[in-house]
>>> print(open('start.tsv').read())   # TSV, C-alpha atoms and all ligand atoms
chain	number	residue	atom	x	y	z
A	1	MET	CA	-0.71	-22.23	2.09
A	2	PHE	CA	-3.08	-21.88	-0.79
A	3	GLY	CA	-1.01	-23.20	-3.72
A	4	LYS	CA	-1.06	-20.56	-6.44
A	5	LYS	CA	-3.42	-18.39	-4.47
A	6	ILE	CA	-2.34	-15.29	-2.61
A	7	THR	CA	-3.43	-14.35	0.88
A	8	VAL	CA	-3.80	-10.71	1.83
A	9	THR	CA	-4.01	-9.79	5.51
A	10	TYR	CA	-5.14	-6.38	6.75
A	11	ILE	CA	-2.47	-4.83	9.01
A	12	ALA	CA	-3.50	-1.20	9.64
A	13	ASN	CA	-4.83	1.76	7.64
A	14	SER	CA	-3.63	1.03	4.07
A	15	GLY	CA	-1.20	-1.56	5.34
A	16	VAL	CA	-1.50	-5.11	4.05
A	17	LEU	CA	0.60	-8.26	4.12
A	18	VAL	CA	0.69	-10.15	0.82
A	19	THR	CA	1.70	-13.79	1.06
A	20	SER	CA	2.19	-16.19	-1.82
A	21	LYS	CA	3.72	-19.64	-1.65
A	22	LYS	CA	7.20	-18.23	-2.21
A	23	LYS	CA	7.07	-14.52	-1.42
A	24	GLN	CA	5.92	-12.20	1.30
A	25	ILE	CA	5.54	-8.45	0.94
A	26	LEU	CA	4.32	-5.82	3.40
A	27	ILE	CA	2.84	-2.70	1.81
A	28	ASP	CA	2.42	0.48	3.90
A	29	GLY	CA	2.25	-1.78	6.92
A	30	LEU	CA	4.84	-0.40	9.34
A	31	HIS	CA	3.83	2.93	10.81
A	32	GLN	CA	2.73	4.99	13.77
A	33	SER	CA	0.02	7.37	12.63
A	34	SER	CA	0.05	10.90	13.97
A	35	ALA	CA	-3.15	11.65	12.06
A	36	GLY	CA	-5.30	10.59	15.00
A	37	PHE	CA	-8.22	8.73	13.53
A	38	TYR	CA	-6.44	6.16	11.39
A	39	HIS	CA	-5.16	2.81	12.59
A	40	SER	CA	-1.47	2.53	13.43
A	41	THR	CA	0.36	-0.77	13.19
A	42	GLU	CA	-0.27	-2.54	16.50
A	43	LYS	CA	2.70	-2.55	18.90
A	44	LYS	CA	2.93	-6.35	18.91
A	45	THR	CA	2.84	-6.42	15.10
A	46	VAL	CA	5.61	-3.80	14.89
A	47	GLU	CA	7.69	-5.98	17.21
A	48	ASP	CA	7.00	-9.16	15.25
A	49	ILE	CA	7.95	-7.47	11.97
A	50	ILE	CA	11.19	-6.06	13.42
A	51	LEU	CA	12.11	-9.36	15.05
A	52	GLY	CA	11.08	-11.38	11.99
A	53	LYS	CA	8.62	-13.48	13.97
A	54	ALA	CA	5.75	-15.44	12.40
A	55	PRO	CA	3.77	-14.60	10.34
A	56	PHE	CA	6.49	-12.15	9.24
A	57	ASN	CA	9.33	-14.67	9.30
A	58	SER	CA	9.64	-14.91	5.54
A	59	LEU	CA	9.20	-11.26	4.69
A	60	ASP	CA	11.05	-10.33	1.48
A	61	MET	CA	10.13	-6.71	1.10
A	62	LEU	CA	8.68	-3.61	2.71
A	63	LEU	CA	7.03	-1.37	0.13
A	64	PHE	CA	5.98	2.16	0.99
A	65	THR	CA	3.84	4.38	-1.22
A	66	HIS	CA	4.75	7.66	0.45
A	67	ASP	CA	6.29	9.40	3.39
A	68	HIS	CA	3.29	10.07	5.66
A	69	SER	CA	3.05	8.86	9.24
A	70	ASP	CA	-0.02	6.72	8.60
A	71	HIS	CA	1.88	4.74	5.94
A	72	PHE	CA	5.56	4.80	6.86
A	73	ASN	CA	7.88	4.96	9.86
A	74	ALA	CA	11.62	5.41	9.32
A	75	ALA	CA	12.81	4.26	12.75
A	76	TYR	CA	10.82	1.01	12.59
A	77	CYS	CA	12.22	0.42	9.11
A	78	ARG	CA	15.81	0.88	10.25
A	79	GLU	CA	15.31	-1.63	13.04
A	80	ALA	CA	13.67	-4.15	10.72
A	81	LEU	CA	16.49	-3.81	8.18
A	82	LYS	CA	19.20	-4.20	10.82
A	83	ARG	CA	17.74	-7.41	12.17
A	84	ASN	CA	16.68	-8.95	8.87
A	85	LYS	CA	19.56	-8.77	6.45
A	86	HIS	CA	17.58	-10.31	3.59
A	87	LEU	CA	14.85	-7.66	3.88
A	88	GLN	CA	14.49	-5.03	1.16
A	89	VAL	CA	12.78	-1.63	1.39
A	90	VAL	CA	11.30	0.06	-1.69
A	91	ALA	CA	10.06	3.63	-1.21
A	92	PRO	CA	10.11	7.12	-2.71
A	93	GLN	CA	13.29	9.15	-2.18
A	94	SER	CA	11.73	11.25	0.60
A	95	ALA	CA	10.96	8.18	2.70
A	96	ALA	CA	14.30	6.48	1.93
A	97	GLU	CA	16.13	9.63	3.07
A	98	LYS	CA	14.39	9.51	6.42
A	99	ILE	CA	15.75	6.01	6.94
A	100	THR	CA	19.31	7.01	6.07
A	101	SER	CA	19.44	10.43	7.77
A	102	SER	CA	19.70	9.31	11.36
A	103	PRO	CA	22.58	8.59	13.73
A	104	ASP	CA	21.08	5.08	14.05
A	105	TYR	CA	21.68	4.42	10.39
A	106	ASN	CA	24.77	2.60	9.25
A	107	GLU	CA	26.03	2.22	5.69
A	108	GLU	CA	25.69	-1.55	5.87
A	109	LEU	CA	21.98	-1.08	5.28
A	110	LYS	CA	22.52	0.75	2.00
A	111	ASN	CA	21.98	-2.26	-0.27
A	112	GLN	CA	18.70	-3.05	1.47
A	113	ILE	CA	17.14	0.30	0.54
A	114	LYS	CA	15.86	1.03	-2.94
A	115	PRO	CA	14.65	4.63	-3.40
A	116	ILE	CA	12.52	4.87	-6.50
A	117	GLU	CA	10.35	7.48	-8.20
A	118	ALA	CA	8.75	7.23	-11.63
A	119	SER	CA	8.15	10.24	-13.85
A	120	GLN	CA	4.54	11.39	-14.17
A	121	THR	CA	4.37	9.93	-17.67
A	122	LYS	CA	6.44	6.79	-17.53
A	123	PRO	CA	6.26	3.87	-15.12
A	124	ILE	CA	9.42	2.17	-13.91
A	125	VAL	CA	9.64	-1.60	-14.14
A	126	LEU	CA	11.88	-3.42	-11.72
A	127	SER	CA	12.52	-6.91	-10.50
A	128	LEU	CA	13.81	-7.26	-6.98
A	129	LYS	CA	14.26	-10.49	-5.07
A	130	GLY	CA	12.33	-12.25	-7.81
A	131	ILE	CA	9.34	-9.92	-7.45
A	132	ASP	CA	8.16	-7.95	-10.49
A	133	ILE	CA	7.06	-4.44	-9.64
A	134	GLU	CA	5.86	-1.55	-11.74
A	135	VAL	CA	6.07	1.90	-10.16
A	136	PHE	CA	3.70	4.72	-11.17
A	137	SER	CA	3.71	8.32	-10.06
A	138	LEU	CA	0.25	9.42	-8.92
A	139	ASN	CA	-0.39	12.74	-7.21
A	140	HIS	CA	-1.23	12.61	-3.53
A	141	ASP	CA	-4.81	13.39	-2.57
A	142	GLY	CA	-5.63	16.70	-0.90
A	143	ALA	CA	-4.67	20.28	-1.62
A	144	SER	CA	-3.16	20.93	-5.05
A	145	GLY	CA	-0.09	22.32	-3.28
A	146	ASP	CA	0.61	18.92	-1.72
A	147	THR	CA	3.84	17.82	-3.34
A	148	THR	CA	4.21	14.52	-1.46
A	149	VAL	CA	5.52	11.97	-3.92
A	150	ASN	CA	3.09	9.07	-3.99
A	151	ASN	CA	4.14	5.83	-5.65
A	152	ALA	CA	1.53	3.39	-6.86
A	153	TYR	CA	2.79	-0.19	-7.20
A	154	LEU	CA	1.68	-2.94	-9.50
A	155	ILE	CA	2.97	-6.26	-8.25
A	156	GLN	CA	2.99	-9.50	-10.11
A	157	LEU	CA	3.26	-12.66	-8.04
A	158	GLY	CA	2.91	-15.88	-9.98
A	159	LYS	CA	-0.09	-15.37	-12.22
A	160	LYS	CA	-1.73	-12.73	-10.03
A	161	THR	CA	-1.46	-8.97	-10.41
A	162	MET	CA	-2.30	-6.49	-7.71
A	163	MET	CA	-2.16	-2.73	-7.60
A	164	PHE	CA	-1.76	-0.45	-4.59
A	165	LEU	CA	-2.54	3.24	-5.01
A	166	GLY	CA	-1.33	4.69	-1.71
A	167	ASP	CA	-3.08	8.02	-1.19
A	168	ALA	CA	-3.54	8.74	-4.90
A	169	LYS	CA	-5.85	11.57	-5.83
A	170	ALA	CA	-8.88	10.47	-7.85
A	171	ASP	CA	-7.73	12.32	-10.96
A	172	ASP	CA	-8.39	10.57	-14.27
A	173	SER	CA	-5.90	12.66	-16.28
A	174	ASN	CA	-3.11	11.79	-13.84
A	175	PHE	CA	-3.95	8.07	-14.07
A	176	GLU	CA	-4.05	8.38	-17.85
A	177	ALA	CA	-0.72	10.22	-18.07
A	178	ALA	CA	0.98	7.80	-15.68
A	179	ARG	CA	-0.18	4.90	-17.92
A	180	VAL	CA	-2.13	3.05	-15.27
A	181	TYR	CA	-4.97	2.02	-17.55
A	182	GLY	CA	-5.08	-1.09	-19.71
A	183	LYS	CA	-3.43	-3.50	-17.28
A	184	PRO	CA	-5.50	-6.52	-16.30
A	185	LEU	CA	-5.66	-6.68	-12.51
A	186	ASP	CA	-6.78	-9.41	-10.17
A	187	ALA	CA	-7.00	-6.96	-7.29
A	188	LEU	CA	-7.00	-3.20	-6.89
A	189	PHE	CA	-6.50	-1.59	-3.47
A	190	VAL	CA	-8.08	1.87	-3.21
A	191	PRO	CA	-8.38	4.46	-0.44
A	192	PHE	CA	-12.01	4.69	0.74
A	193	THR	CA	-12.40	8.16	-0.79
A	194	PHE	CA	-12.60	6.53	-4.24
A	195	ILE	CA	-15.97	4.99	-3.38
A	196	GLY	CA	-17.71	8.26	-2.54
A	197	LEU	CA	-16.25	10.33	-5.39
A	198	SER	CA	-17.62	9.98	-8.91
A	199	ALA	CA	-14.07	10.53	-10.26
A	200	GLY	CA	-12.90	7.64	-8.07
A	201	ARG	CA	-15.68	5.35	-9.30
A	202	GLU	CA	-14.85	6.21	-12.91
A	203	ILE	CA	-11.21	5.31	-12.36
A	204	ILE	CA	-12.20	1.98	-10.80
A	205	LYS	CA	-14.46	1.28	-13.79
A	206	LYS	CA	-11.69	2.10	-16.24
A	207	ILE	CA	-9.18	-0.10	-14.45
A	208	SER	CA	-11.84	-2.79	-14.09
A	209	PRO	CA	-10.12	-5.11	-11.59
A	210	LYS	CA	-11.53	-8.54	-10.75
A	211	LYS	CA	-11.56	-7.64	-7.08
A	212	LEU	CA	-11.65	-4.31	-5.28
A	213	ILE	CA	-10.28	-3.89	-1.77
A	214	VAL	CA	-11.09	-0.70	0.10
A	215	VAL	CA	-8.47	0.46	2.60
A	216	HIS	CA	-7.57	3.55	4.67
A	217	LEU	CA	-10.90	3.49	6.54
A	218	PRO	CA	-10.71	5.31	9.88
A	219	ASP	CA	-10.47	3.54	13.21
A	220	LYS	CA	-14.10	2.80	14.10
A	221	ASP	CA	-13.75	4.27	17.59
A	222	LYS	CA	-12.43	7.58	16.30
A	223	ASP	CA	-14.57	7.96	13.20
A	224	THR	CA	-16.40	11.08	14.35
A	225	ASN	CA	-17.28	12.07	10.78
A	226	ASN	CA	-18.84	8.66	10.12
A	227	LEU	CA	-16.64	8.18	7.08
A	228	THR	CA	-17.01	4.40	7.13
A	229	GLU	CA	-20.79	4.68	7.19
A	230	LYS	CA	-20.75	7.25	4.39
A	231	THR	CA	-18.47	5.02	2.33
A	232	LYS	CA	-20.82	2.07	2.80
A	233	ALA	CA	-23.81	4.21	1.84
A	234	ALA	CA	-22.06	5.35	-1.35
A	235	TYR	CA	-21.11	1.75	-2.07
A	236	SER	CA	-24.74	0.58	-1.76
A	237	LYS	CA	-25.97	3.43	-3.92
A	238	TYR	CA	-23.51	2.70	-6.74
A	239	SER	CA	-22.94	-1.02	-6.14
A	240	SER	CA	-23.51	-1.89	-9.81
A	241	ASP	CA	-20.42	0.22	-10.64
A	242	PHE	CA	-18.15	-2.04	-8.63
A	243	PRO	CA	-16.64	-5.49	-9.07
A	244	GLU	CA	-16.57	-7.91	-6.11
A	245	THR	CA	-15.56	-5.64	-3.24
A	246	VAL	CA	-14.12	-6.12	0.22
A	247	LEU	CA	-13.80	-3.40	2.86
A	248	PHE	CA	-10.83	-3.85	5.16
A	249	GLU	CA	-12.23	-2.78	8.52
A	250	LYS	CA	-10.94	-5.27	11.01
A	251	ILE	CA	-7.24	-5.74	11.75
A	252	GLY	CA	-6.27	-9.28	10.81
A	253	GLN	CA	-9.05	-9.61	8.23
A	254	GLN	CA	-7.96	-11.86	5.33
A	255	ILE	CA	-8.89	-12.41	1.72
A	256	VAL	CA	-7.61	-14.82	-0.88
A	257	ILE	CA	-6.83	-13.62	-4.40
A	301	ZN	ZN	-0.82	10.39	2.73
>>> encode(input="start.tsv", output="structure tokens")
Amino acid sequence: MFGKKITVTYIANSGVLVTSKKKQILIDGLHQSSAGFYHSTEKKTVEDIILGKAPFNSLDMLLFTHDHSDHFNAAYCREALKRNKHLQVVAPQSAAEKITSSPDYNEELKNQIKPIEASQTKPIVLSLKGIDIEVFSLNHDGASGDTTVNNAYLIQLGKKTMMFLGDAKADDSNFEAARVYGKPLDALFVPFTFIGLSAGREIIKKISPKKLIVVHLPDKDKDTNNLTEKTKAAYSKYSSDFPETVLFEKIGQQIVI
């Protein structure tokens, strides 16, 4: 362990495992992507999470930003909850409902599931299992008709603050309205699209985190549109816009915050 430091391990796609001395949280880290070119959680990792095996043996919480297959899997969640009675899930209503609406679900799991959705103009602050979380509502990227509820989470662990955007759209007015700005952050996790888009870079500048971690990069072997390369090119071109930055490309990659 790293004393007051926090270790973040890349799991798959936007999925990361956050480990402090006392707490362990998995964000968007339990899924089976049907999108094709994004990483899914590896089979062995899914098993270890469900069975509570190391390094997931002290997992306190599974956080999910939204109900898309490359971020969330309801059946895996149900299994993990059944076998780990201390485990808590936090997710938007749509994802929580997928966990509960199955013949495999039993009411005993109810207290382990916390559906939560903030309004577009007011974050929700909650403390669960000794972990302080702020929930923001940020529109999902993509077509304007996409109504997927996307939660962004600000987590405070000890003296460190981290924010996870899920698949937020790079839309300054939405970030402004949701009251994201003005919070000092040690680490901000962004989808790779934020690097290539000027609106994304502006948002990063306004948030001004100490560290930037780029997630949601495609699986290298399936990246036919060369999105990783394009992201790196945009990063080099605008590198002075960014704080210290890490790209999560390799499963198992770790950083210390
Ligand atoms: Zn999504």
>>> residues_around(input="start.tsv", residues="Pro191 in chain A", least_positions_apart="4", cutoff="9 Å", atoms="all atoms listed in the file", output="compact mmCIF listing (two decimals) with C-alpha atoms, in the coordinates of the input")
# COMPACT_ATOMS: atom_id res chain seq x y z
CA SER A 14 -3.63 1.03 4.07
CA LEU A 165 -2.54 3.24 -5.01
CA GLY A 166 -1.33 4.69 -1.71
CA ASP A 167 -3.08 8.02 -1.19
CA ALA A 168 -3.54 8.74 -4.90
CA ILE A 195 -15.97 4.99 -3.38
CA ILE A 213 -10.28 -3.89 -1.77
CA VAL A 214 -11.09 -0.70 0.10
CA VAL A 215 -8.47 0.46 2.60
CA HIS A 216 -7.57 3.55 4.67
CA LEU A 217 -10.90 3.49 6.54
>>> residues_near_ligand(input="start.tsv", ligand="ligand ZN 301 (chain A)", cutoff="7 Å", atoms="all atoms listed in the file", output="list in words")
His66, His68, Asp70, His140 and Asp167 of chain A
>>> closest_residue(input="start.tsv", among="A:Lys222, A:Lys5, A:His71, A:His31", to="Asn151 in chain A", atoms="all atoms listed in the file")
A:His71
>>> atom_distance(input="start.tsv", atom1="CA of Ala187 in chain A", atom2="CA of Lys129 in chain A")
21.7 Å
>>> closest_residue(input="start.tsv", among="A:Ile133, A:Lys82, A:Ile11, A:Phe72", to="Lys44 in chain A", atoms="all atoms listed in the file")
A:Ile11
>>> residues_around(input="start.tsv", residues="Lys210 in chain A", least_positions_apart="3", cutoff="10 Å", atoms="only C-alpha atoms", output="JSON, numbers by chain")
{"A": [162, 184, 185, 186, 187, 188, 207, 242, 243, 244, 245, 257]}
>>> closest_residue(input="start.tsv", among="A:Gly29, A:Pro218, A:Pro123, A:Pro209", to="Tyr153 in chain A", atoms="all atoms listed in the file")
A:Pro123
>>> closest_residue(input="start.tsv", among="A:Ala12, A:Leu62, A:Ala178, A:Lys205", to="Ser239 in chain A", atoms="only C-alpha atoms")
A:Lys205
>>> residues_around(input="start.tsv", residues="Glu108 in chain A", least_positions_apart="5", cutoff="12 Å", atoms="only C-alpha atoms", output="PDB file with C-alpha atoms, keeping the file's coordinate frame")
ATOM      1  CA  ARG A  78      15.810   0.880  10.250  1.00  0.00           C
ATOM      2  CA  LEU A  81      16.490  -3.810   8.180  1.00  0.00           C
ATOM      3  CA  LYS A  82      19.200  -4.200  10.820  1.00  0.00           C
ATOM      4  CA  ARG A  83      17.740  -7.410  12.170  1.00  0.00           C
ATOM      5  CA  LYS A  85      19.560  -8.770   6.450  1.00  0.00           C
ATOM      6  CA  THR A 100      19.310   7.010   6.070  1.00  0.00           C
ATOM      7  CA  ILE A 113      17.140   0.300   0.540  1.00  0.00           C
TER       8      ILE A 113
END
>>> residues_around(input="start.tsv", residues="range 96-99 of chain A", least_positions_apart="5", cutoff="7 Å", atoms="only C-alpha atoms", output="count of residues only")
7
>>> atom_distance(input="start.tsv", atom1="CA of Asp141 in chain A", atom2="CA of Asp171 in chain A")
8.9 Å
>>> axis_aligned_box(input="start.tsv", around="range 177-187 of chain A", padding_each_side="6 Å", output="AutoDock Vina command-line options")
--center_x -3.0 --center_y 0.4 --center_z -13.5 --size_x 20.0 --size_y 31.6 --size_z 24.4
